[in-house]
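**Q** First, the structure itself, so that you have it in front of you.
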Amino acid sequence: MNFWYGKHIVIGLGGGIAAYKTLELIRTLRTAGARITPVPTPAALHFVTPLSLQALCGERVRDALFLPEAPDGMDHIQLARQADLVIVAPATADLLARMAQGLADDLLTTLLLARRGPVVVAPAMNPAMWEHPATRRNVTTLQEDGVQFIGPEAGAMACGDEGIGRMAAPVTILEAARRALTPKTLTGRRLLITAGPTREAMDPVRFISNHSSGKMGWEIALAALRAGAEVELVHGPVTLPAPMGACCHAVDSARAMLDAVVPLWLDTTDRPGCDVAILTAAVADFRPTEQRQNKIKKSSGIQESTLELTLNPDILAMLSAWSGVATRSGRQRIVVGFAAETDAPLIHGREKLARKGCDLMAINDVSAAGSGFGTDTNAVTLIGRDGRTEPWPLLPKEQVAERLIQTITNLIHHPPRYGCS
Ligand code: CTP
């Protein structure tokens with residue numbers, strides 16, 4: 001089910017020009033099935049009208065502290081208690097100052113003072129105001145109080161100034177909000193994820209590659225980050241924006257991917273290797289044996305040509321072989337592969353799991369409708385080293401990722417004992 005479906009979100013709006021972007025945030029959340037209660041400050045109503053908020057939310061705008069029709073006149077307490085999440089966007093310098101002081105001089109600050117659950121704040125103000133020591137103090141105070149900040153971002157302001165102060169984009173606020181609501185089951189764990197295709201150069205202008213979009217690996221990175229994990233994302237050429245908070249390592253060829261993952265998987269002087277490896281990358285099995293310095297020219301009259309290929313290193317097999325080597329962390333490690341198959345997926349998947357020695361293999365029939373390269377959905381069958389087989393229905397890649405992270409979390413907290421009855 002869609003994550004936002006049925007969630008009740010209070011959206012507080014401060015008096016800043018960025019409030020127009022909050023309308024888009026509201027629309028996205030509403031489309032995803034969330035219930036939104038808009039609570040603008042009186043100043044916010046200079047920038048957005050009650051009518052636009054009401055039309056987008058389908059709910060009465062709460063802008064007054066004392067409403068005769070509210071039960072017991074205690075609207076602020078009800079709202080503070082009932083909502084799954086409170087998002088304040090935009091949070092102006094004045095609003096942050098009032099929140100930090102614990103003032104309760106309008107409905108929004110009053111409900112924030114009564115609030116005990118998660119609060120996400122997206123500041124927006126002139127860069128000079130954001131940098132001012134008073135704002136810095138207020139932000140620190142609020143962070144110590146458990147308020148979670150997203151942004152502001154650098155860029156051009158509506159006033160013409162440049163610097164840090166722009167409200168985070170609605171999509172970024174949405175991701176921060178989702179993280180605020182996700183239990184932190186993987187805190188302290190470091191996950192290595194590979195994603196996307198690799199490119200194997202023939203000459204300076206041509207390469208061998210495949211159709212991988214990187215979406216599956218991206219969704220897994222996001223799911224892991226939401227669960228509180230640290231993510232090292234090693235990826236081939238993709239067109240996706242970096243997942244917020246991931247440490248991204250862009251590579252091109254299979255050998256470059258191997259060079260990037262090895263120091264992340266093995267102990268280094270700085271830190272122990274990652275705890276989990278999830279290899280979704282569609283690594284090219286072969287590379288041109290010779291990589292020409294100059295563009296290959298076709299000689300006149302040529303009708304056929306042969307390209308000699310050399311086998312690439314199998315990154316999954318290598319990481320699996322090393323996973324038995326205890327790291328300084330002393331933790332049992334988990335390696336997950338993704339098998340792209342076009343025929344007899346279970347037979348090939350089982351054989352691949354055994355050959356590569358990983359703990360789990362997510363088998364993906366890339367010839368099935370809605371499953372595989374470039375799609376937003378995937379039909380995966382998960383198989384384990386113990387022979388366990390779990391066919392999952394066709395799901396959005398986002399939900400495949402959530403399920404996989406849940407399975408890995410269970411394995412971390414309840415490790416199986418292979419070889420024992
Ligand atoms: N893989 C890898 N290094 C390679 C080839 C594959 O790490 N050189 C990983 C992939 O990231 C994936 C898994 O192995 O997790 C299975 O990839 P797949 O392409 O399905 O398998 P191949 O080993 O390439 O086998 P084949 O092409 O024969 O199906």
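All residue names refer to the structure tokens as shown: chains lettered A, B, ... in order, residues numbered from 1 in each chain, ligands numbered from 1 in order.
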Restrict the calculation to only C-alpha atoms and all ligand atoms, then for each residue of chain A with any atom at most 7 Å from an atom of ligand 1 give the closest atom pair and their distance in Å to one decimal, rows by chain and rising residue number, as a Markdown table.

**A**
| residue | atom | partner | partner_atom_place_in_ligand_line | distance |
| --- | --- | --- | --- | --- |
| A:Thr194 | CA | ligand 1 | 11 (O) | 6.9 |
| A:Ala254 | CA | ligand 1 | 8 (N) | 6.7 |
| A:Leu279 | CA | ligand 1 | 15 (O) | 4.3 |
| A:Thr280 | CA | ligand 1 | 11 (O) | 4.7 |
| A:Ala281 | CA | ligand 1 | 11 (O) | 4.2 |
| A:Ala282 | CA | ligand 1 | 11 (O) | 5.3 |
| A:Val283 | CA | ligand 1 | 5 (C) | 4.8 |
| A:Ala284 | CA | ligand 1 | 8 (N) | 6.1 |
| A:Asp285 | CA | ligand 1 | 8 (N) | 4.9 |
| A:Asn312 | CA | ligand 1 | 8 (N) | 5.3 |
| A:Pro313 | CA | ligand 1 | 8 (N) | 5.0 |
| A:Asp314 | CA | ligand 1 | 8 (N) | 3.6 |
| A:Ile315 | CA | ligand 1 | 7 (O) | 3.6 |
| A:Leu316 | CA | ligand 1 | 7 (O) | 3.7 |
| A:Ala317 | CA | ligand 1 | 7 (O) | 6.6 |
| A:Val336 | CA | ligand 1 | 15 (O) | 6.9 |
| A:Gly337 | CA | ligand 1 | 15 (O) | 3.5 |
| A:Phe338 | CA | ligand 1 | 15 (O) | 3.9 |
| A:Ala339 | CA | ligand 1 | 20 (O) | 3.5 |
| A:Ala340 | CA | ligand 1 | 20 (O) | 4.0 |
| A:Glu341 | CA | ligand 1 | 20 (O) | 6.2 |
| A:Lys352 | CA | ligand 1 | 23 (O) | 7.0 |

**Q** Which residues come within 6 Å of Leu13 in chain A, counting only C-alpha atoms, excluding same-chain residues fewer than 4 positions away, as number ranges by chain?

**A** A: 40, 44, 88-90

**Q** Distance CA of Ala32 in chain A-CA of Met244 in chain A, one decimal place?

**A**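 About the pair CA of Ala32 in chain A and CA of Met244 in chain A: they are 20.7 Å apart.
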
**Q** For Trp218 in chain A, which of A:Lys397, A:Arg355, A:Arg136, A:Arg333 is the closest residue, counting only C-alpha atoms?

**A**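 The shortest atom-to-atom distance to Trp218 in chain A comes from A:Lys397.
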
**Q** List as a PyMOL selection string the protein and nucleic acid residues near Ala256 in chain A, meaning an atom at most 10 Å away when only C-alpha atoms are counted, but skip any in the same chain fewer than 5 places from it.

**A** chain A and resi 198-199+234+236+250-251+261

**Q** Give me, as a list in words, all polymer residues having an atom no more than 10 Å from Ala401 in chain A, counting only C-alpha atoms and skipping those fewer than 4 positions away in the same chain.

**A** Met216, Gly217, Trp218, Glu219, Ile220, Ala221, Leu222, Ala223, Ala224, Asn378, Leu395, Pro396, Lys397, Ile405, Gln406 and Thr407 of chain A

**Q** Pick the closest to Ala260 in chain A from A:Ile164, A:Leu233, A:Met202, A:Leu85: which is it, counting only C-alpha atoms?

**A** A:Leu233

**Q** Output as an NGL selection string all residues of range 76-262 of chain A that backbone DSSP marks as helix (DSSP H, G or I).

**A** :A and (76-82 or 93-101 or 107-114 or 127-131 or 133-144 or 170-181 or 215-226 or 254-262)

**Q** Mind giving me the straight-line distance from CA of Gly245 in chain A to CA of Asp259 in chain A in Å, one decimal?

**A**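 Interatomic distance, CA of Gly245 in chain A to CA of Asp259 in chain A: 22.3 Å.
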
**Q** For range 15-24 of chain A, list every protein, DNA or RNA residue within 8 Å, evaluated using only C-alpha atoms, and leave out those in the same chain fewer than 2 positions away; present the list as a list in words.

**A**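 Surrounding residues, per the criterion: Leu13, Ile26, Arg27, Thr28, Thr41, Pro42, Ala43, Ala44, Leu45, His46, Phe47, Val48, Leu53, Leu56, Ala89, Pro90, Ala91, Thr92, Ala124, Met125, Ala158, Arg166, Met167, Ala169 and Pro170 of chain A.
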
**Q** Quick one: residues within 8 Å of range 268-275 of chain A, only C-alpha atoms, excluding same-chain residues fewer than 4 positions away - as a ChimeraX atom specification?

**A** /A:189-192,263-264,327-329,331-334

**Q** Those residues with N, CA, C and O atoms, as a PDB file, in the first residue's frame please?

**A**
ATOM      1  N   ARG A 189      24.177   0.561  10.909  1.00  0.00           N
ATOM      2  CA  ARG A 189      24.569  -0.401   9.868  1.00  0.00           C
ATOM      3  C   ARG A 189      24.959   0.351   8.602  1.00  0.00           C
ATOM      4  O   ARG A 189      24.354   1.379   8.274  1.00  0.00           O
ATOM      5  N   ARG A 190      25.943  -0.206   7.910  1.00  0.00           N
ATOM      6  CA  ARG A 190      26.425   0.440   6.674  1.00  0.00           C
ATOM      7  C   ARG A 190      26.177  -0.514   5.510  1.00  0.00           C
ATOM      8  O   ARG A 190      26.639  -1.667   5.555  1.00  0.00           O
ATOM      9  N   LEU A 191      25.430  -0.033   4.532  1.00  0.00           N
ATOM     10  CA  LEU A 191      25.048  -0.879   3.395  1.00  0.00           C
ATOM     11  C   LEU A 191      25.765  -0.439   2.128  1.00  0.00           C
ATOM     12  O   LEU A 191      25.813   0.752   1.821  1.00  0.00           O
ATOM     13  N   LEU A 192      26.273  -1.432   1.415  1.00  0.00           N
ATOM     14  CA  LEU A 192      26.896  -1.182   0.119  1.00  0.00           C
ATOM     15  C   LEU A 192      25.902  -1.619  -0.960  1.00  0.00           C
ATOM     16  O   LEU A 192      25.430  -2.757  -0.938  1.00  0.00           O
ATOM     17  N   PRO A 263      37.311  -1.465  -1.301  1.00  0.00           N
ATOM     18  CA  PRO A 263      37.651  -0.781  -0.036  1.00  0.00           C
ATOM     19  C   PRO A 263      36.435  -0.514   0.852  1.00  0.00           C
ATOM     20  O   PRO A 263      36.592  -0.228   2.040  1.00  0.00           O
ATOM     21  N   LEU A 264      35.232  -0.617   0.270  1.00  0.00           N
ATOM     22  CA  LEU A 264      34.038  -0.420   1.095  1.00  0.00           C
ATOM     23  C   LEU A 264      33.630  -1.724   1.786  1.00  0.00           C
ATOM     24  O   LEU A 264      32.943  -1.712   2.808  1.00  0.00           O
ATOM     25  N   THR A 327      35.010  -8.982   9.947  1.00  0.00           N
ATOM     26  CA  THR A 327      35.494  -7.602   9.936  1.00  0.00           C
ATOM     27  C   THR A 327      35.760  -7.194  11.381  1.00  0.00           C
ATOM     28  O   THR A 327      35.382  -7.902  12.313  1.00  0.00           O
ATOM     29  N   ARG A 328      36.370  -6.036  11.547  1.00  0.00           N
ATOM     30  CA  ARG A 328      36.626  -5.547  12.912  1.00  0.00           C
ATOM     31  C   ARG A 328      35.323  -5.372  13.671  1.00  0.00           C
ATOM     32  O   ARG A 328      35.297  -5.425  14.889  1.00  0.00           O
ATOM     33  N   SER A 329      34.210  -5.173  12.932  1.00  0.00           N
ATOM     34  CA  SER A 329      32.927  -4.991  13.617  1.00  0.00           C
ATOM     35  C   SER A 329      32.507  -6.307  14.286  1.00  0.00           C
ATOM     36  O   SER A 329      31.709  -6.300  15.216  1.00  0.00           O
ATOM     37  N   ARG A 331      30.624  -8.470  13.096  1.00  0.00           N
ATOM     38  CA  ARG A 331      29.247  -8.829  12.764  1.00  0.00           C
ATOM     39  C   ARG A 331      29.193  -9.797  11.590  1.00  0.00           C
ATOM     40  O   ARG A 331      30.048  -9.739  10.719  1.00  0.00           O
ATOM     41  N   GLN A 332      28.146 -10.638  11.601  1.00  0.00           N
ATOM     42  CA  GLN A 332      27.901 -11.502  10.454  1.00  0.00           C
ATOM     43  C   GLN A 332      27.425 -10.616   9.296  1.00  0.00           C
ATOM     44  O   GLN A 332      26.605  -9.725   9.503  1.00  0.00           O
ATOM     45  N   ARG A 333      27.951 -10.863   8.097  1.00  0.00           N
ATOM     46  CA  ARG A 333      27.587  -9.982   6.983  1.00  0.00           C
ATOM     47  C   ARG A 333      26.632 -10.681   6.016  1.00  0.00           C
ATOM     48  O   ARG A 333      26.562 -11.911   5.986  1.00  0.00           O
ATOM     49  N   ILE A 334      25.926  -9.880   5.261  1.00  0.00           N
ATOM     50  CA  ILE A 334      24.902 -10.425   4.365  1.00  0.00           C
ATOM     51  C   ILE A 334      25.151  -9.913   2.953  1.00  0.00           C
ATOM     52  O   ILE A 334      25.376  -8.716   2.763  1.00  0.00           O
TER      53      ILE A 334
END

**Q** Measuring atom to atom with only C-alpha atoms, identify which of A:Ala83, A:Ala195, A:Ala134, A:Ile173 is nearest to Ile150 in chain A.

**A**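 Ranked by minimum distance to Ile150 in chain A, first place goes to A:Ile173.
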
**Q** Please identify which residues in range 134-310 of chain A DSSP calls strand (DSSP E or B) from the backbone, and express them as a ChimeraX atom specification.

**A** /A:148-149,153-156,162-166,190-195,197,200-203,206-208,230-235,247-250,276-279,282,286-288,309-310

**Q** Give me, please, the distance in Å between CA of Ile412 in chain A and CA of Cys247 in chain A, quoted to one decimal.

**A**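 Spanning CA of Ile412 in chain A to CA of Cys247 in chain A is a straight-line distance of 22.0 Å.
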
**Q** Of the candidates A:Val171, A:Leu181, A:Ile11, A:Ala128, which shows the shortest atom-to-atom distance to Leu112 in chain A, using only C-alpha atoms?

**A** A:Ile11
